[in-house]
Amino acid sequence: MRRAGGSGGGPGGAPGGGAGPTNNGGPANGPGNDGGRLDVAMVLKRSMEVFGRDIGGVLIAGVALVIVPGMLSRGFAGSSAGNNDWGTLVMTLRGVCAMLYVALVSWGIVARLRGRALAPKAFVAEGLRRAQPGLQVALLAGAGVVAGLIIHLFAQHGTLAGWMLDSMLLTAGLIAVCVAMPVVPVAVVERLGPLAAFRRAAALTEGNRNRILVVALLVALTLAPTGVLLAGIAWPAGLGRLAMALFELIAFSLIATVPAVVYAGLRGEA
C-alpha cells in the first residue's frame, strides 16, 4: 500500500490530476486487484488516521444521520409500544439514515486518501451529492443482513439442524464480507450500480480475502464487547439512549471508514 499523492498525481491525488475521488482507474483498468497485497496493519493505522483528521465532517454527519435518528427512534419506541406499523417505519428511516451516513463518509475518506482533504462543510455536502450509488448498495447489503437475521429466528436452537443453519449463515456472512467489503466505496467513487459494484468489489478483493477477513474480525472484536457492555448497563432515563447512539456512531464510522481504506489500499492509493 502506498500513500496518495505520489509522482504523476495531480492536485487531487488521483492519476491525471483529478479533483478527488473519480472513476480514474475504475473498471476500465480490467478485472482483478489493482494494488497488490493488502497490508492489514496499514489498513488499521490509516483508518484511525483519516478518521481523526476528518472528525469534523464525521461528527456533523454523524449527529444528523446517526445520533439524532437513533435517539428519536428509541424514544418513539418507548412511547408507542404496541404500534408496530409506526415503529417499523421509524426503524426503517433510521436504517436509511445510517446507510446514507456510511456512503457519505466513504466518499470523504477516499478523497483524503487520494490527497484531497475536505473541510467539514464540503465533506458533508459532497458526500451527500455523491452518496446515491453507495446508498443503494448499502441498503441492498442491509437487506441481506436482515434476511439472514430472519432466517436465524426460524432456526430450531439447541438442535443439530439449528446449529447447522446458524453455521451456514455465519459462513455465508464471512464470505460476503471477504468478497464485498469495499462495495460501498466502489459504488460511491466509481459511480456503479449495485450489481456492477458487487462485481467490481469481488474483482478487487481477489487474492486478499484472507487479509480482509482478518480486518473484519478485528473490527468486530473491537465493537462487540463494548456493545454488549453498554446493553447490559442499567442507564438512567435518557442517558442510555445517548450512550447507545454514541456507540452506533462509532460503529457506523468504522463500518464506513475501514472499507474505504481497504478500497484505497486495494487500488494502491492508501
# chains A, B, ... in the order shown; residues from 1 in each chain; ligands from 1

$ residues_around --residues "Gly193 (chain A)" --least-positions-apart "5" --cutoff "10 Å" --atoms "only C-alpha atoms" --output "NGL selection string"
:A and (132-134 or 136-137 or 186-188 or 198)

$ write_last_selection --atoms "N, CA and C atoms" --output "mmCIF file, in the first residue's frame"
data_model
loop_
_atom_site.group_PDB
_atom_site.id
_atom_site.type_symbol
_atom_site.label_atom_id
_atom_site.label_comp_id
_atom_site.auth_asym_id
_atom_site.auth_seq_id
_atom_site.Cartn_x
_atom_site.Cartn_y
_atom_site.Cartn_z
ATOM 1 N N GLN A 132 -25.664 8.574 -3.597
ATOM 2 C CA GLN A 132 -26.760 7.736 -4.074
ATOM 3 C C GLN A 132 -26.351 6.317 -4.467
ATOM 4 N N PRO A 133 -25.313 6.123 -5.290
ATOM 5 C CA PRO A 133 -24.960 4.728 -5.625
ATOM 6 C C PRO A 133 -24.562 3.914 -4.394
ATOM 7 N N GLY A 134 -23.816 4.535 -3.494
ATOM 8 C CA GLY A 134 -23.419 3.821 -2.278
ATOM 9 C C GLY A 134 -24.598 3.527 -1.379
ATOM 10 N N GLN A 136 -27.659 2.937 -2.359
ATOM 11 C CA GLN A 136 -28.372 1.796 -2.942
ATOM 12 C C GLN A 136 -27.698 0.479 -2.568
ATOM 13 N N VAL A 137 -26.387 0.447 -2.692
ATOM 14 C CA VAL A 137 -25.645 -0.772 -2.374
ATOM 15 C C VAL A 137 -25.728 -1.087 -0.884
ATOM 16 N N VAL A 186 -16.701 1.466 -3.593
ATOM 17 C CA VAL A 186 -16.662 1.186 -5.032
ATOM 18 C C VAL A 186 -17.824 1.874 -5.732
ATOM 19 N N ALA A 187 -19.024 1.710 -5.180
ATOM 20 C CA ALA A 187 -20.207 2.300 -5.803
ATOM 21 C C ALA A 187 -20.154 3.821 -5.779
ATOM 22 N N VAL A 188 -19.715 4.390 -4.640
ATOM 23 C CA VAL A 188 -19.688 5.843 -4.496
ATOM 24 C C VAL A 188 -18.645 6.468 -5.409
ATOM 25 N N PHE A 198 -20.890 -4.813 -6.906
ATOM 26 C CA PHE A 198 -20.537 -6.082 -6.274
ATOM 27 C C PHE A 198 -19.525 -6.855 -7.134
#

$ select_by_dssp --residues "region 50-208 of chain A" --states "alpha helix (DSSP H)" --output "PyMOL selection string"
chain A and resi 50-53+55-62+68-79+84-113+120-130+132-153+160-180+183-190+194-205

$ residues_around --residues "Val58 (chain A)" --least-positions-apart "2" --cutoff "10 Å" --atoms "only C-alpha atoms" --output "number ranges by chain"
A: 51-56, 60-63, 101, 104-105, 108-109, 120, 123-124, 249-250, 253

$ write_last_selection --atoms "N, CA and C atoms" --output "PDB file, in the first residue's frame"
ATOM      1  N   PHE A  51      -9.835   8.905  10.129  1.00  0.00           N
ATOM      2  CA  PHE A  51     -10.994   9.179  10.978  1.00  0.00           C
ATOM      3  C   PHE A  51     -10.714  10.397  11.855  1.00  0.00           C
ATOM      4  N   GLY A  52      -9.525  10.452  12.438  1.00  0.00           N
ATOM      5  CA  GLY A  52      -9.187  11.589  13.285  1.00  0.00           C
ATOM      6  C   GLY A  52      -9.086  12.881  12.510  1.00  0.00           C
ATOM      7  N   ARG A  53      -8.536  12.826  11.300  1.00  0.00           N
ATOM      8  CA  ARG A  53      -8.359  14.046  10.520  1.00  0.00           C
ATOM      9  C   ARG A  53      -9.672  14.576   9.952  1.00  0.00           C
ATOM     10  N   ASP A  54     -10.630  13.693   9.718  1.00  0.00           N
ATOM     11  CA  ASP A  54     -11.925  14.118   9.188  1.00  0.00           C
ATOM     12  C   ASP A  54     -13.000  14.138  10.269  1.00  0.00           C
ATOM     13  N   ILE A  55     -12.583  14.266  11.520  1.00  0.00           N
ATOM     14  CA  ILE A  55     -13.532  14.155  12.625  1.00  0.00           C
ATOM     15  C   ILE A  55     -14.620  15.220  12.563  1.00  0.00           C
ATOM     16  N   GLY A  56     -14.292  16.425  12.045  1.00  0.00           N
ATOM     17  CA  GLY A  56     -15.294  17.480  11.957  1.00  0.00           C
ATOM     18  C   GLY A  56     -16.457  17.088  11.071  1.00  0.00           C
ATOM     19  N   ILE A  60     -20.409  16.083  12.196  1.00  0.00           N
ATOM     20  CA  ILE A  60     -21.577  16.788  11.664  1.00  0.00           C
ATOM     21  C   ILE A  60     -22.554  15.811  11.026  1.00  0.00           C
ATOM     22  N   ALA A  61     -22.033  14.951  10.155  1.00  0.00           N
ATOM     23  CA  ALA A  61     -22.890  13.967   9.504  1.00  0.00           C
ATOM     24  C   ALA A  61     -23.427  12.953  10.506  1.00  0.00           C
ATOM     25  N   GLY A  62     -22.580  12.552  11.461  1.00  0.00           N
ATOM     26  CA  GLY A  62     -22.998  11.539  12.430  1.00  0.00           C
ATOM     27  C   GLY A  62     -24.095  12.003  13.355  1.00  0.00           C
ATOM     28  N   VAL A  63     -24.009  13.244  13.802  1.00  0.00           N
ATOM     29  CA  VAL A  63     -25.072  13.771  14.665  1.00  0.00           C
ATOM     30  C   VAL A  63     -26.392  13.798  13.914  1.00  0.00           C
ATOM     31  N   TYR A 101     -25.240   7.720   5.856  1.00  0.00           N
ATOM     32  CA  TYR A 101     -24.028   8.143   6.563  1.00  0.00           C
ATOM     33  C   TYR A 101     -22.817   7.336   6.097  1.00  0.00           C
ATOM     34  N   LEU A 104     -21.837   8.517   2.598  1.00  0.00           N
ATOM     35  CA  LEU A 104     -21.291   9.873   2.663  1.00  0.00           C
ATOM     36  C   LEU A 104     -19.844   9.861   3.175  1.00  0.00           C
ATOM     37  N   VAL A 105     -19.622   9.148   4.272  1.00  0.00           N
ATOM     38  CA  VAL A 105     -18.285   9.100   4.865  1.00  0.00           C
ATOM     39  C   VAL A 105     -17.312   8.387   3.926  1.00  0.00           C
ATOM     40  N   GLY A 108     -15.814  10.946   1.513  1.00  0.00           N
ATOM     41  CA  GLY A 108     -14.850  11.855   2.130  1.00  0.00           C
ATOM     42  C   GLY A 108     -13.546  11.179   2.498  1.00  0.00           C
ATOM     43  N   ILE A 109     -13.619   9.932   2.954  1.00  0.00           N
ATOM     44  CA  ILE A 109     -12.397   9.212   3.343  1.00  0.00           C
ATOM     45  C   ILE A 109     -11.528   8.919   2.120  1.00  0.00           C
ATOM     46  N   PRO A 120     -14.982  20.300   6.773  1.00  0.00           N
ATOM     47  CA  PRO A 120     -16.201  19.637   7.258  1.00  0.00           C
ATOM     48  C   PRO A 120     -17.449  19.913   6.420  1.00  0.00           C
ATOM     49  N   PHE A 123     -17.070  18.145   3.187  1.00  0.00           N
ATOM     50  CA  PHE A 123     -17.126  16.706   3.465  1.00  0.00           C
ATOM     51  C   PHE A 123     -18.583  16.234   3.434  1.00  0.00           C
ATOM     52  N   VAL A 124     -19.445  16.981   4.096  1.00  0.00           N
ATOM     53  CA  VAL A 124     -20.859  16.602   4.161  1.00  0.00           C
ATOM     54  C   VAL A 124     -21.566  16.893   2.840  1.00  0.00           C
ATOM     55  N   LEU A 249     -22.682   5.577  16.490  1.00  0.00           N
ATOM     56  CA  LEU A 249     -21.888   6.496  15.683  1.00  0.00           C
ATOM     57  C   LEU A 249     -20.485   5.930  15.462  1.00  0.00           C
ATOM     58  N   ILE A 250     -19.873   5.423  16.526  1.00  0.00           N
ATOM     59  CA  ILE A 250     -18.544   4.831  16.396  1.00  0.00           C
ATOM     60  C   ILE A 250     -18.587   3.606  15.486  1.00  0.00           C
ATOM     61  N   SER A 253     -19.189   4.570  11.900  1.00  0.00           N
ATOM     62  CA  SER A 253     -17.996   5.257  11.399  1.00  0.00           C
ATOM     63  C   SER A 253     -16.931   4.239  10.985  1.00  0.00           C
TER      64      SER A 253
END

$ atom_distance --atom1 "CA of Arg46 (chain A)" --atom2 "CA of Tyr263 (chain A)"
12.0 Å

$ residues_around --residues "region 141-147 of chain A" --least-positions-apart "3" --cutoff "12 Å" --atoms "only C-alpha atoms" --output "JSON, numbers by chain"
{"A": [92, 95, 96, 98, 99, 100, 102, 134, 135, 136, 137, 138, 150, 151, 152, 153, 154, 169, 170, 172, 173, 174, 176, 177, 180, 181, 182, 183, 184, 194, 195, 197, 198]}

$ closest_residue --among "A:Leu221, A:Ala264, A:Pro259, A:Val214" --to "Ala41 (chain A)" --atoms "only C-alpha atoms"
A:Val214

$ residues_around --residues "Arg94 (chain A)" --least-positions-apart "6" --cutoff "8 Å" --atoms "only C-alpha atoms" --output "NGL selection string"
:A and (65-66 or 69-70 or 73)

$ residues_around --residues "Leu217 (chain A)" --least-positions-apart "6" --cutoff "12 Å" --atoms "only C-alpha atoms" --output "compact mmCIF listing (two decimals) with all heavy atoms, in the first residue's frame"
# COMPACT_ATOMS: atom_id res chain seq x y z
N VAL A 40 -2.62 -5.37 6.31
CA VAL A 40 -3.63 -5.28 7.36
C VAL A 40 -3.27 -4.20 8.39
O VAL A 40 -4.12 -3.39 8.78
CB VAL A 40 -3.81 -6.65 8.06
CG1 VAL A 40 -4.74 -6.51 9.28
CG2 VAL A 40 -4.37 -7.67 7.09
N LEU A 44 -5.48 -0.66 9.34
CA LEU A 44 -5.93 -0.24 10.67
C LEU A 44 -5.34 1.12 11.03
O LEU A 44 -6.04 2.00 11.56
CB LEU A 44 -5.55 -1.29 11.70
CG LEU A 44 -6.15 -2.69 11.47
CD1 LEU A 44 -5.62 -3.66 12.50
CD2 LEU A 44 -7.66 -2.65 11.51
N GLY A 173 -22.05 -15.13 5.80
CA GLY A 173 -21.76 -13.75 6.16
C GLY A 173 -20.28 -13.43 6.05
O GLY A 173 -19.90 -12.37 5.53
N LEU A 174 -19.44 -14.32 6.54
CA LEU A 174 -18.00 -14.09 6.47
C LEU A 174 -17.50 -14.08 5.03
O LEU A 174 -16.65 -13.26 4.65
CB LEU A 174 -17.26 -15.16 7.28
CG LEU A 174 -17.46 -15.10 8.79
CD1 LEU A 174 -16.78 -16.28 9.47
CD2 LEU A 174 -16.93 -13.79 9.37
N VAL A 177 -18.45 -10.76 3.48
CA VAL A 177 -17.56 -9.68 3.94
C VAL A 177 -16.23 -9.74 3.21
O VAL A 177 -15.70 -8.71 2.76
CB VAL A 177 -17.36 -9.76 5.46
CG1 VAL A 177 -16.24 -8.84 5.90
CG2 VAL A 177 -18.65 -9.38 6.18
N CYS A 178 -15.66 -10.93 3.09
CA CYS A 178 -14.36 -11.08 2.44
C CYS A 178 -14.42 -10.68 0.96
O CYS A 178 -13.48 -10.06 0.44
CB CYS A 178 -13.88 -12.53 2.53
SG CYS A 178 -13.54 -13.08 4.21
N ASN A 210 -8.37 -13.38 2.59
CA ASN A 210 -7.97 -13.81 3.93
C ASN A 210 -7.56 -12.61 4.79
O ASN A 210 -7.91 -12.53 5.98
CB ASN A 210 -6.82 -14.81 3.86
CG ASN A 210 -7.25 -16.16 3.33
OD1 ASN A 210 -8.44 -16.48 3.35
ND2 ASN A 210 -6.30 -16.95 2.85
N ARG A 211 -6.84 -11.68 4.20
CA ARG A 211 -6.44 -10.49 4.95
C ARG A 211 -7.63 -9.59 5.25
O ARG A 211 -7.69 -8.98 6.32
CB ARG A 211 -5.35 -9.73 4.15
CG ARG A 211 -4.00 -10.44 4.18
CD ARG A 211 -2.97 -9.75 3.31
NE ARG A 211 -3.17 -10.07 1.90
CZ ARG A 211 -2.73 -11.19 1.33
NH1 ARG A 211 -2.08 -12.09 2.03
NH2 ARG A 211 -2.93 -11.40 0.04
N LEU A 223 -15.72 -3.87 18.45
CA LEU A 223 -17.05 -3.33 18.70
C LEU A 223 -17.91 -4.22 19.61
O LEU A 223 -18.65 -3.71 20.45
CB LEU A 223 -17.79 -3.12 17.37
CG LEU A 223 -17.23 -2.06 16.44
CD1 LEU A 223 -17.98 -2.07 15.12
CD2 LEU A 223 -17.33 -0.68 17.09
N ALA A 224 -17.81 -5.53 19.43
CA ALA A 224 -18.75 -6.44 20.12
C ALA A 224 -18.71 -6.32 21.64
O ALA A 224 -19.77 -6.18 22.27
CB ALA A 224 -18.50 -7.87 19.68
N VAL A 258 -13.28 1.85 7.46
CA VAL A 258 -12.40 0.71 7.18
C VAL A 258 -12.57 0.20 5.74
O VAL A 258 -11.56 0.01 5.03
CB VAL A 258 -12.61 -0.41 8.22
CG1 VAL A 258 -11.83 -1.66 7.82
CG2 VAL A 258 -12.17 0.06 9.60

$ closest_residue --among "A:Ala125, A:Val50, A:Ile67, A:Ala270" --to "Phe252 (chain A)" --atoms "only C-alpha atoms"
A:Ile67

$ atom_distance --atom1 "CA of Val43 (chain A)" --atom2 "CA of Arg267 (chain A)"
12.5 Å

$ residues_around --residues "Thr226 (chain A)" --least-positions-apart "6" --cutoff "12 Å" --atoms "only C-alpha atoms" --output "PyMOL selection string"
chain A and resi 219-220+232-233+243-244+246-248+250-251

$ atom_distance --atom1 "CA of Ser47 (chain A)" --atom2 "CA of Val261 (chain A)"
6.2 Å
